[in-house]
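Q: Below is a structure I'd like to ask you about.
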Amino acid sequence: MSQPSAQVTAAEISRIAGVTRATVSNWRRRHDDFPAPSGGTDSSPLYDLESVRSWLASRGQLAAASPSEELRTILRLHAQSGAGTSDLLLLVLAAARRSPEELTAAALLPDAELVGRAEREVAAVADTVPGADAVRFEAVDAAVLRALYGCVRDEGGQAALGVLAERELEDSAASGAYRTPEPLADLLAGLIPGSPVRVLDPACGSGTLLAAAARRGARELYGQDTLPVQARRSAVSLMLTAPRAEVTMRAADSLRADAFPGLVVDAVLCNPPFGVRDWGHDELAYDPRWAYGVPPRAESELAWVQHALAHLTPGGHAALLLPPAMAGRASGRRVRAELVRGGALRAVIALPVGASIPLHVGLQIWVLQRPEPGGQERKSVLFVDAAETSSPADAGGVGAAGGTRTRGAGSRSAAPDWAELTARVLGVWRAFTANPDAFEAEPGVAYAAGVVDLLDDVVDLTPARLVRASRAEVDPAVLSAQVDARRGNLVKAAKALARTAAHEEWGSAGPAAREWRTATASDLARGGALTFLRTAPEGARGRAEEAERADRADRAEAGEANREASAARPALTGADIARGSGPTGDPSELRGAVAPLVAVGDVLVRAVANGDGPMARVAGEEDAGALLGPHVHLFRPDPARLDAWFLAGFLGAEENIAGASTGSTVLTVSPGRLRVPLLTLEEQRRYGEAFRHVHALRAEARRATRLAEETARLLAGGLTGGQLLPGRGGGGSPAR
């Protein structure tokens with residue numbers, strides 16, 4: 001297939017070759033035959049693509065380019081071609097429904113036939129996506145179409161969709177739309193009791209919240225977004241991730257032009273735009289949705305809250321992500337009072353800073369329930385202060401086997417420990433909903449405030465104010481015993497950390513760093529040194545066959561009795577790797593997926609390089625038999641040729657992860673591009689023992705840091721709450 005003459009940047013060369021920018025700079029300095037710049041400027045040179053490809057091929061580097069990277073490069077080079085992003089979105093949906101063989105055959109067609117086939121396939125799915133117009137591809141689009149077919153065939157429709165999103169649809173501050181992090185989306189979906197079937201997101205963006213609802217069993221998904229391109233993107237994404245769900249997507253402003261005026265659903269999930277003054281206050285002054293009062297002009301968030309309630313069936317729940325200021329602003333006092341008095345507000349949950357954009361603000365989740373006619377009177381509202389939840393970085397969570405980029409402890413934008421945060425929030429919420437009248441406050445974390453107590457002059461619903469005020473109710477003797485117990489555990493953990501840190505089984509490499517030849521993980525897999533497995537989502541194409549074969553082998557070995565038992569196995573997730581815990585994933589979220597079983601000695605690598613914490617680890621006894629989560633790559637080494645800890649150490653190295661990752665906002669790891677030094681098995685084992693010790697050091701550091709934080713929190717809360725007294729001179733008995 002001929003490619004057009006084009007120019008690429010040094011950054012694009014690094015992605016094509018699967019190396020870092022620094023490596024490309026070294027090539028330019030050290031190799032006289034490296035292609036000379038063919039354009040650009042001295043500070044930002046451009047290089048002829050074909051010359052670069054030839055140079056890389058002569059050194060065996062070109063094979064590192066993944067299909068998604070090929071698509072990304074071709075898209076940039078064809079920015080002025082006839083293929084619009086919306087047209088290509090439709091083609092992703094059509095291509096994802098084809099077999100790998102059909103996609104391969106399509107990519108081999110002559111340009112004219114390829115263009116005609118692509119147009120027919122897009123036309124066949126156009127009526128399922130909102131605002132889709134007639135599609136016309138041109139001959140110049142052939143390279144883009146081939147790259148897209150190849151990406152869908154080898155990496156799946158979501159990978160191709162992600163590349164297109166980077167090009168035209170990436171959420172940005174300029175558009176006022178932010179992508180809701182997947183763990184946060186799962187938390188919001190988890191706050192909806194039961195198993196809702198019909199779910200609405202009136203500001204759906206890229207569809208993250210609806211996808212979370214689908215993972216929990218929702219089968220009718222309704223979404224609306226003011227940006228047509230977002231609505232189309234969301235529709236395609238949901239059809240790929242939840243093929244059994246009925247997806248209905250509309251493009252319009254939900255407040256001004258509700259596309260579902262008569263729709264009532266079991267649940268509403270929403271991350272609406274914040275601080276919008278021009279939301280339609282004047283023309284919507286008499287809108288029937290404002291059952292709890294007309295939202296003030298500066299309180300668009302209260303309009304979204306009532307919009308959500310208006311679409312709920314009686315008894316249905318809504319979870320909205322909102323800015324903290326709306327909990328106490330004077331302008332919204334009357335509407336807040338009516339929400340509390342009417343029993344519509346069930347909980348307000350304060351999240352840590354860094355949970356979602358804007359990262360410097362600690363956002364809140366409001367959980368609402370539409371009152372049922374003649375239903376039981378609600379006497380209290382739950383307040384949860386989860387703002388102090390530690391991040392993996394705070395707990396010493398750097399890469400267990402080489403690490404990844406971290407912001408450092410105490411960073412204002414560090415990602416929270418989602419597993420801890422989710423467990424804390426859902427635990428108190430479920431306890432509250434089970435019996436609100438008997439709910440017991442958790443000091444410093446959760447408090448159920450009476451409706452009468454909230455209806456004062458300001459109706460301030462800030463969780464921190466209410467939860468911290470409840471600390472005075474704690475028994476001093478109980479708190480003192482808790483502090484003593486935590487302090488004893490902390491002392492033991494500190495001693496264990498000191499012993500581990502005293503290990504000195506390494507030395508200097510000399511005047512220069514050691515260098516070695518490397519091979520990609522793809523090369524090692526082709527040579528039989530390791531096997532690569534991943535969980536294939538329902539409806540996925542391409543390389544799912546390998547995972548299916550492994551899964552069938554696991555089940556045949558376990559027997560038919562274990563077939564049913566496997567449904568109860570936990571899933572090992574990327575979050576488990578990041579925080580160093582055992583498998584905690586919900587197996588029900590793998591509906592329809594082909595999930596291999598983890599075995600002792602497997603090397604597990606997170607598929608998305610986001611947040612902090614380890615990128616890789618070796619599976620132990622506690623992991624054996626777990627289902628492989630959807631965002632984890634599994635490398636199964638041949639122990640006669642590769643040491644597992646050696647492999648994990650280098651696969652998880654920061655530079656290695658950076659060189660094998662693609663994307664802008666979300667960095668996706670291409671496992672085949674990860675590189676491993678070619679060393680003897682004896683040398684591998686020496687490195688493996690060192691990496692095993694590094695892993696132990698980090699585990700002890702996480703444990704000690706967690707205990708220190710818990711002890712400090714209890715001490716500080718007891719001193720400020722009056723349950724504990726300082727000793728004389730800072731160390732004696734309490735003063736009387």
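For the structure tokens, the naming scheme is as follows: chains receive sequential letters (A, B, ...) according to their order of presentation, residues are indexed from 1 within each chain, and ligands are indexed from 1 in presentation order.
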Which polymer residues have any atom within 9 Å of an atom of Gly328 (chain A), counting only C-alpha atoms, with same-chain residues fewer than 4 positions away left out, as a list of chain:residue names?
A: A:Pro324, A:Gly332, A:Arg333, A:Arg336, A:Val458, A:Val459, A:Asp460, A:Leu461, A:Thr462
Q: Considering only strand (DSSP E or B) as DSSP defines it on the backbone, what residues of region 263-508 of chain A qualify? List them as an MDAnalysis selection string.
A: chainID A and resid 265:270 312:322 345:350 364:369 380:385 442 446:450
Q: Select, from A:Ala660, A:Ala493, A:Trp418, A:Pro677, the residue with the minimum atom-to-atom distance to Glu515 (chain A), counting only C-alpha atoms.
A: A:Pro677
Q: If you count only C-alpha atoms, which residues fall within 8 Å of Arg289 (chain A), apart from same-chain ones fewer than 2 positions away, as a PyMOL selection string?
A: chain A and resi 287+291+306-307+310
Q: Please provide the set of residues having any atom within 12 Å of Met239 (chain A), restricted to only C-alpha atoms, with same-chain residues fewer than 5 positions apart removed, written as an NGL selection string.
A: :A and (89-90 or 92-94 or 96-97 or 125 or 128-129 or 157-158 or 161 or 207 or 210-211 or 214 or 219-221 or 232-234 or 244-249 or 538-540)
Q: Using only C-alpha atoms, which residues sit within 12 Å of region 250-261 of chain A once same-chain residues fewer than 3 positions away are excluded, as a PyMOL selection string?
A: chain A and resi 128-132+200-205+221-235+247+264-265+270+272-273+276+278-285+287-290+295+300-308+310-312
Q: Can you list, as a ChimeraX atom specification, every protein, DNA or RNA residue that comes within 9 Å of Leu339 (chain A) when you count only C-alpha atoms, leaving out same-chain residues fewer than 6 positions away?
A: /A:292,345,368
Q: For a quick check of understanding, using only C-alpha atoms, which of A:Thr433, A:Ser206, A:Thr9, A:Ser508 has the smallest distance to Gln369 (chain A)?
A: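 Of A:Thr433, A:Ser206, A:Thr9, A:Ser508, the one nearest Gln369 (chain A), counting only C-alpha atoms, is A:Thr433.
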Q: Residues at most 6 Å from Thr535 (chain A), counting only C-alpha atoms, excluding those fewer than 6 positions away in the same chain, as a list in words?
A: Val594, Ala595 and Pro630 of chain A
Q: Please return as a VMD selection string: the residues of region 267-487 of chain A that backbone DSSP assigns to alpha helix (DSSP H).
A: chain A and resid 300 to 310 333 to 341 418 to 434 451 to 454 463 to 469 476 to 487
Q: Could you tell me how far CA of Thr241 (chain A) sits from CA of Gly150 (chain A), in Å to one decimal place?
A: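 Between CA of Gly150 (chain A) and CA of Thr241 (chain A) the gap works out to 19.2 Å.
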Q: Which residue gives the smallest distance to Trp429 (chain A) among A:Leu148, A:Ala344, A:Leu715, A:Ile349, with only C-alpha atoms counted?
A: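 Closest candidate: A:Ile349.
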Q: Using only C-alpha atoms, pick whichever of A:Val694, A:Ala126, A:Ala607, A:Val144 has the shortest atom-to-atom distance to Phe646 (chain A).
A: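 Counting only C-alpha atoms, the residue closest to Phe646 (chain A) is A:Val694.
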Q: Could you check how far CA of Ala36 (chain A) sits from CA of Asp48 (chain A), in Å to one decimal?
A: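 Going from CA of Ala36 (chain A) over to CA of Asp48 (chain A), I get 8.5 Å.
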Q: Can you work out which one of A:Leu681, A:Ala696, A:Val603, A:Ala185 has the shortest atom-to-atom distance to Leu651 (chain A), counting only C-alpha atoms?
A: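 Result for the nearest residue to Leu651 (chain A): A:Val603.
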Q: Nearest to Pro596 (chain A): which of A:Leu628, A:Ala609, A:Ala704, A:Leu382 is it, counting only C-alpha atoms?
A: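 Looking only at the distances to Pro596 (chain A), the closest residue turns out to be A:Leu628.
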